[in-house]
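J.: Before we start, here is the structure in question, set down as structure tokens.
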Amino acid sequence: MGNHDRTTNLTYSHSQTLALPIDASPAQIKEAYRSLAKIWHPDRYRDSPQKQQAEEKFKQINLAYEYLKVHGGKDSVNTATSDNVTTVRRIRKTPVEFFESAVAHTLNRRYTEAIADFNQAIKLNPEYTEAFAQRATVHARLGNEDKALHDRVRAELLTERAERAARKAKLDQEVTATRDYHTKDWTNVPRKPVSTAEPLPVTVPSQNAPPHATAPSSEIYLPTAIVENTWPLLHELTTAPNSIFAIGNRGKTLANGHPNGEISLWNLHNGKCFGQLNQHQAVITAIDFTRDDNLLISADDAGCIGIWHLPTASLLRVITQPSPVTALVITPEYEILSAGKNGRIYHWQIQTGKLQFSPVHGTMPITQLALSADGQSLVSTGLDQVVKLWDRPFHSSKLQFQGLQANTPEIISQFPEGWLTVNVMGAIEQWSNQGKRLKGIHSHSQSIRTIALHPDRQVLAIAIDRQVRIWHLNEGTMIADFPALSKSIAQLGFSRDGSKLIAIDTTGIMRIWQAS
């Protein structure tokens, strides 16, 4: 090894000791030495083992500083001149080394140098999740909120991708194990003797069966007995009063729209807010995700519809509706169906922002929209307490519900064969896609505020003021009944994978339970 190579390696080693890049300036070397000397000076430690460790570390720091004062970063460059041609060779650093150097710069508040090293780490490894997360922190300290949000969203997406890969690997492992089990030659494997124990007793149904046991198949009578809650509480989040939420189709991201026009992005796994979207100037009235979770559609009381690209946390387009938006849904073909206070329904193309069609529901504001499971039918209702069914291309049908008591019904369209309606007087009914009544669900309550249907379409959650009751529809049994929040529940929903139940009250307190 030549003298120059030996000098270069020494420079690299001592630079690592001071957590510096190999071409650090004299000012950077001096600053790094002072910071580390304060931390590792032996006089700061009284315990003998710690003091001994500090003495060894302090010697290394002093040795590195004395060497770099003379050589600095100039020896990291190998210059050989031949016929007026100069060849420059630098030691290549790994992404991890750039990351560690960036972290050291961050601890010493050298944010510009930290950003440069984070950039290099990400350039060498575009999947470096921790580098994105740490760079977001530095951008936030520098006041670059847009860049910080971009990095946080990117880190979330990379984390989600890694988790999906881990789940897939586990599933593949289970499939392989199952296949090996079934293909194994069990001929010579000793078998366990068959037990001769008595069979378990068969439970005979009680003579005093509940009303729903003998009720006609077209009706479901839900019990009212109090059942202990077995759904553990995962997170309690604090948001703005009178806010709304939507859950991503992958069940990980929750978007929370505030009355001041802000949108918060929450990670449902850890209960942390990782981003803010600021564009609206009025109350957020509707919000939803596209099926691939790439786009977030938001709307406000001023008639503005925002189309957001979540991977980059950027606003792609703003659509202006002639009337304040009261509800919206997204079709499988990437179209937006939005409702207005003027009683009209607007049909927009997401890619172009152009208006396709605008049928009229009525003269009073529309309050609810829902798509059928196949996306070919639309249900709407308004303050006139009339429910209408629309077929492509959304011409009005004759379906109307008359005589509903009190407030406007809420509609949920999740059944393949139809949808549900419910009003505050406790009337829950299931309808076919053609508008035919299939069955009634009797909850024995006249104070229902909202309902949520589990993705498996077997479990129904009902919010009764501050209480949540959960039933298994086919079995007609109550799963849980518990006080969910201290104030009236404003919105209730299951995550798309069915693993979580989310409720938010009028004061902005949101709770997330593990669905069992």
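Each chain of the structure tokens is named A, B, ... in the order shown, its residues numbered from 1; ligands are numbered from 1 in display order.
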Would you mind listing, for every residue of segment 340-367 of chain A within 7 Å of segment 300-323 of chain A, the two atoms forming the shortest contact and the distance between them in Å to one decimal, using only C-alpha atoms, sorted by chain and ascending residue number, as CSV?

T.:
residue,atom,partner,partner_atom,distance
A:Gly340,CA,A:Ser323,CA,5.2
A:Lys341,CA,A:Ser323,CA,6.0
A:Asn342,CA,A:Ser323,CA,6.2
A:Gly353,CA,A:Ile319,CA,6.1

J.: Applying 6 Å and only C-alpha atoms, which residues near segment 261-264 of chain A remain after dropping the ones on its own chain fewer than 4 positions away? List them as a compact mmCIF listing (two decimals) with all heavy atoms, in the first residue's frame.

T.:
# COMPACT_ATOMS: atom_id res chain seq x y z
N ALA A 255 -58.05 10.14 6.52
CA ALA A 255 -58.04 11.56 6.20
C ALA A 255 -59.13 12.24 7.02
O ALA A 255 -60.27 11.80 7.03
CB ALA A 255 -58.27 11.79 4.70
N ASN A 256 -58.75 13.32 7.70
CA ASN A 256 -59.64 14.02 8.62
C ASN A 256 -59.82 15.46 8.14
O ASN A 256 -58.87 16.24 8.13
CB ASN A 256 -59.04 13.95 10.02
CG ASN A 256 -59.83 14.71 11.06
OD1 ASN A 256 -59.27 15.30 11.96
ND2 ASN A 256 -61.15 14.72 10.95
N GLY A 257 -61.04 15.81 7.70
CA GLY A 257 -61.32 17.15 7.20
C GLY A 257 -61.86 18.05 8.30
O GLY A 257 -62.80 17.69 9.01
N GLY A 275 -49.17 14.23 8.24
CA GLY A 275 -49.23 15.23 7.18
C GLY A 275 -50.44 16.13 7.30
O GLY A 275 -51.46 15.78 7.91
N GLN A 276 -50.32 17.32 6.72
CA GLN A 276 -51.41 18.28 6.65
C GLN A 276 -51.53 18.78 5.22
O GLN A 276 -50.53 19.11 4.58
CB GLN A 276 -51.16 19.48 7.58
CG GLN A 276 -51.15 19.16 9.06
CD GLN A 276 -52.54 19.06 9.64
OE1 GLN A 276 -53.51 19.47 9.02
NE2 GLN A 276 -52.64 18.52 10.84
N LEU A 277 -52.76 18.83 4.69
CA LEU A 277 -53.03 19.37 3.37
C LEU A 277 -53.82 20.67 3.54
O LEU A 277 -54.88 20.68 4.16
CB LEU A 277 -53.83 18.37 2.52
CG LEU A 277 -53.21 16.97 2.36
CD1 LEU A 277 -54.13 16.07 1.57
CD2 LEU A 277 -51.85 17.05 1.70
N ASN A 278 -53.28 21.75 3.01
CA ASN A 278 -53.89 23.06 3.18
C ASN A 278 -54.17 23.70 1.83
O ASN A 278 -53.24 24.11 1.14
CB ASN A 278 -52.97 23.98 4.00
CG ASN A 278 -52.67 23.41 5.38
OD1 ASN A 278 -53.56 23.29 6.20
ND2 ASN A 278 -51.42 23.05 5.61
N HIS A 280 -58.08 24.34 1.02
CA HIS A 280 -59.46 24.82 1.13
C HIS A 280 -59.54 26.03 2.06
O HIS A 280 -58.80 26.13 3.04
CB HIS A 280 -60.36 23.69 1.65
CG HIS A 280 -60.53 22.56 0.69
ND1 HIS A 280 -61.43 22.59 -0.36
CD2 HIS A 280 -59.91 21.36 0.60
CE1 HIS A 280 -61.35 21.46 -1.03
NE2 HIS A 280 -60.43 20.69 -0.47
N GLN A 281 -60.48 26.90 1.76
CA GLN A 281 -60.70 28.08 2.57
C GLN A 281 -62.05 28.04 3.29
O GLN A 281 -62.43 29.01 3.94
CB GLN A 281 -60.65 29.34 1.68
CG GLN A 281 -59.36 29.49 0.90
CD GLN A 281 -58.15 29.63 1.80
OE1 GLN A 281 -58.21 30.31 2.84
NE2 GLN A 281 -57.04 29.00 1.43
N ALA A 282 -62.77 26.93 3.16
CA ALA A 282 -64.09 26.80 3.76
C ALA A 282 -64.20 25.44 4.45
O ALA A 282 -63.28 24.62 4.41
CB ALA A 282 -65.18 26.96 2.70
N VAL A 283 -65.34 25.20 5.08
CA VAL A 283 -65.57 23.97 5.84
C VAL A 283 -65.50 22.75 4.91
O VAL A 283 -66.14 22.73 3.86
CB VAL A 283 -66.95 24.02 6.53
CG1 VAL A 283 -67.21 22.72 7.28
CG2 VAL A 283 -67.03 25.21 7.46
N ILE A 284 -64.72 21.73 5.32
CA ILE A 284 -64.67 20.48 4.55
C ILE A 284 -65.98 19.73 4.79
O ILE A 284 -66.33 19.41 5.93
CB ILE A 284 -63.48 19.60 4.98
CG1 ILE A 284 -62.16 20.36 4.79
CG2 ILE A 284 -63.46 18.30 4.18
CD1 ILE A 284 -61.82 20.67 3.37

J.: Nearest to Glu333 of chain A among A:Ser243, A:Gln50, A:Asn474, A:Gln376, with distances taken over only C-alpha atoms: which residue is it?

T.: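 Going through A:Ser243, A:Gln50, A:Asn474, A:Gln376 one by one, the smallest distance to Glu333 of chain A is for A:Gln376.
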
J.: As an exercise, work out the distance from atom CA of Ser372 of chain A to atom CA of Val386 of chain A in Å and give it to one decimal place.

T.: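 Computing the Euclidean distance for atom CA of Ser372 of chain A and atom CA of Val386 of chain A yields 17.8 Å.
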
J.: Can you list, as a CSV table (one decimal) with all heavy atoms, in the first residue's frame, every protein, DNA or RNA residue that comes within 8 Å of segment 463-470 of chain A when you count only C-alpha atoms, leaving out same-chain residues fewer than 6 positions away?

T.:
chain,number,residue,atom,x,y,z
A,445,SER,N,-84.6,1.1,19.1
A,445,SER,CA,-84.0,2.3,19.5
A,445,SER,C,-84.5,3.4,18.6
A,445,SER,O,-84.7,3.2,17.4
A,445,SER,CB,-82.5,2.3,19.5
A,445,SER,OG,-82.0,3.6,19.8
A,447,SER,N,-83.1,6.6,18.8
A,447,SER,CA,-82.1,7.7,18.8
A,447,SER,C,-80.9,7.3,18.0
A,447,SER,O,-79.8,7.7,18.4
A,447,SER,CB,-81.7,8.0,20.3
A,447,SER,OG,-81.2,6.8,20.9
A,448,ILE,N,-81.0,6.6,16.9
A,448,ILE,CA,-79.9,6.3,16.1
A,448,ILE,C,-79.3,7.5,15.4
A,448,ILE,O,-80.0,8.3,14.8
A,448,ILE,CB,-80.2,5.2,15.0
A,448,ILE,CG1,-80.6,3.9,15.7
A,448,ILE,CG2,-79.1,5.0,14.1
A,448,ILE,CD1,-81.1,2.9,14.7
A,449,ARG,N,-78.0,7.7,15.5
A,449,ARG,CA,-77.4,8.9,14.9
A,449,ARG,C,-76.7,8.5,13.6
A,449,ARG,O,-76.7,9.3,12.7
A,449,ARG,CB,-76.3,9.5,15.9
A,449,ARG,CG,-76.9,10.0,17.2
A,449,ARG,CD,-75.9,10.8,18.0
A,449,ARG,NE,-75.4,11.9,17.3
A,449,ARG,CZ,-76.0,13.1,17.3
A,449,ARG,NH1,-77.1,13.3,17.9
A,449,ARG,NH2,-75.4,14.1,16.6
A,450,THR,N,-76.0,7.3,13.6
A,450,THR,CA,-75.4,6.9,12.3
A,450,THR,C,-75.1,5.4,12.5
A,450,THR,O,-75.2,4.8,13.6
A,450,THR,CB,-74.1,7.6,12.1
A,450,THR,OG1,-73.5,7.2,10.8
A,450,THR,CG2,-73.1,7.4,13.2
A,451,ILE,N,-74.9,4.7,11.3
A,451,ILE,CA,-74.6,3.3,11.3
A,451,ILE,C,-73.3,3.0,10.5
A,451,ILE,O,-73.0,3.9,9.6
A,451,ILE,CB,-75.7,2.4,10.9
A,451,ILE,CG1,-76.0,2.7,9.4
A,451,ILE,CG2,-77.0,2.6,11.7
A,451,ILE,CD1,-77.1,1.9,8.8
A,478,MET,N,-76.1,-9.9,19.7
A,478,MET,CA,-75.3,-8.7,19.9
A,478,MET,C,-73.9,-9.1,20.3
A,478,MET,O,-73.6,-10.0,21.1
A,478,MET,CB,-75.9,-7.9,21.1
A,478,MET,CG,-75.2,-6.6,21.4
A,478,MET,SD,-75.9,-5.7,22.7
A,478,MET,CE,-77.5,-5.2,22.1
A,479,ILE,N,-72.9,-8.4,19.6
A,479,ILE,CA,-71.5,-8.7,19.9
A,479,ILE,C,-70.9,-7.8,21.0
A,479,ILE,O,-70.2,-8.3,21.8
A,479,ILE,CB,-70.7,-8.5,18.6
A,479,ILE,CG1,-71.2,-9.5,17.5
A,479,ILE,CG2,-69.2,-8.7,18.8
A,479,ILE,CD1,-70.6,-9.2,16.1
A,480,ALA,N,-71.3,-6.6,21.0
A,480,ALA,CA,-70.8,-5.6,21.9
A,480,ALA,C,-71.7,-4.5,22.1
A,480,ALA,O,-72.5,-4.1,21.2
A,480,ALA,CB,-69.4,-5.1,21.5
A,481,ASP,N,-71.7,-3.8,23.3
A,481,ASP,CA,-72.5,-2.7,23.6
A,481,ASP,C,-71.7,-1.9,24.6
A,481,ASP,O,-71.6,-2.3,25.8
A,481,ASP,CB,-73.9,-3.1,24.1
A,481,ASP,CG,-74.8,-1.9,24.4
A,481,ASP,OD1,-74.4,-0.8,24.0
A,481,ASP,OD2,-75.8,-2.1,25.0
A,482,PHE,N,-71.2,-0.7,24.2
A,482,PHE,CA,-70.4,0.0,25.1
A,482,PHE,C,-70.5,1.5,24.9
A,482,PHE,O,-70.8,2.0,23.8
A,482,PHE,CB,-68.9,-0.4,25.0
A,482,PHE,CG,-68.4,-0.3,23.6
A,482,PHE,CD1,-67.7,0.8,23.1
A,482,PHE,CD2,-68.6,-1.4,22.7
A,482,PHE,CE1,-67.2,0.9,21.9
A,482,PHE,CE2,-68.1,-1.3,21.4
A,482,PHE,CZ,-67.4,-0.2,21.0
A,483,PRO,N,-70.3,2.3,26.0
A,483,PRO,CA,-70.2,3.8,25.8
A,483,PRO,C,-68.9,4.1,25.0
A,483,PRO,O,-67.8,3.9,25.5
A,483,PRO,CB,-70.2,4.3,27.2
A,483,PRO,CG,-69.7,3.2,28.1
A,483,PRO,CD,-70.1,1.9,27.4
A,484,ALA,N,-69.1,4.7,23.8
A,484,ALA,CA,-67.9,4.9,23.0
A,484,ALA,C,-67.2,6.2,23.3
A,484,ALA,O,-66.0,6.3,23.3
A,484,ALA,CB,-68.3,4.9,21.5
A,485,LEU,N,-68.0,7.3,23.5
A,485,LEU,CA,-67.4,8.7,23.6
A,485,LEU,C,-68.2,9.4,24.7
A,485,LEU,O,-69.3,9.0,25.0
A,485,LEU,CB,-67.4,9.4,22.3
A,485,LEU,CG,-66.5,8.8,21.2
A,485,LEU,CD1,-66.9,9.3,19.8
A,485,LEU,CD2,-65.0,9.2,21.5
A,486,SER,N,-67.7,10.5,25.1
A,486,SER,CA,-68.3,11.3,26.2
A,486,SER,C,-69.4,12.3,25.6
A,486,SER,O,-70.2,12.8,26.3
A,486,SER,CB,-67.3,12.1,27.0
A,486,SER,OG,-66.6,12.9,26.1
A,487,LYS,N,-69.3,12.5,24.3
A,487,LYS,CA,-70.3,13.4,23.6
A,487,LYS,C,-70.9,12.6,22.5
A,487,LYS,O,-70.5,11.5,22.1
A,487,LYS,CB,-69.6,14.7,23.1
A,487,LYS,CG,-68.9,15.5,24.1
A,487,LYS,CD,-69.9,16.1,25.1
A,487,LYS,CE,-69.2,17.0,26.1
A,487,LYS,NZ,-70.2,17.6,27.1
A,488,SER,N,-71.9,13.2,21.9
A,488,SER,CA,-72.7,12.6,20.8
A,488,SER,C,-71.8,12.2,19.6
A,488,SER,O,-71.0,13.0,19.2
A,488,SER,CB,-73.8,13.5,20.3
A,488,SER,OG,-74.7,13.7,21.4
A,489,ILE,N,-72.0,11.0,19.1
A,489,ILE,CA,-71.2,10.5,18.0
A,489,ILE,C,-71.7,11.1,16.7
A,489,ILE,O,-72.9,11.1,16.4
A,489,ILE,CB,-71.3,8.9,17.9
A,489,ILE,CG1,-70.7,8.3,19.2
A,489,ILE,CG2,-70.6,8.4,16.7
A,489,ILE,CD1,-71.0,6.8,19.3
A,492,LEU,N,-69.3,7.3,12.2
A,492,LEU,CA,-68.9,5.9,12.6
A,492,LEU,C,-68.5,5.2,11.3
A,492,LEU,O,-69.1,5.4,10.3
A,492,LEU,CB,-70.1,5.2,13.2
A,492,LEU,CG,-69.8,3.9,14.0
A,492,LEU,CD1,-69.0,4.1,15.2
A,492,LEU,CD2,-71.2,3.3,14.4
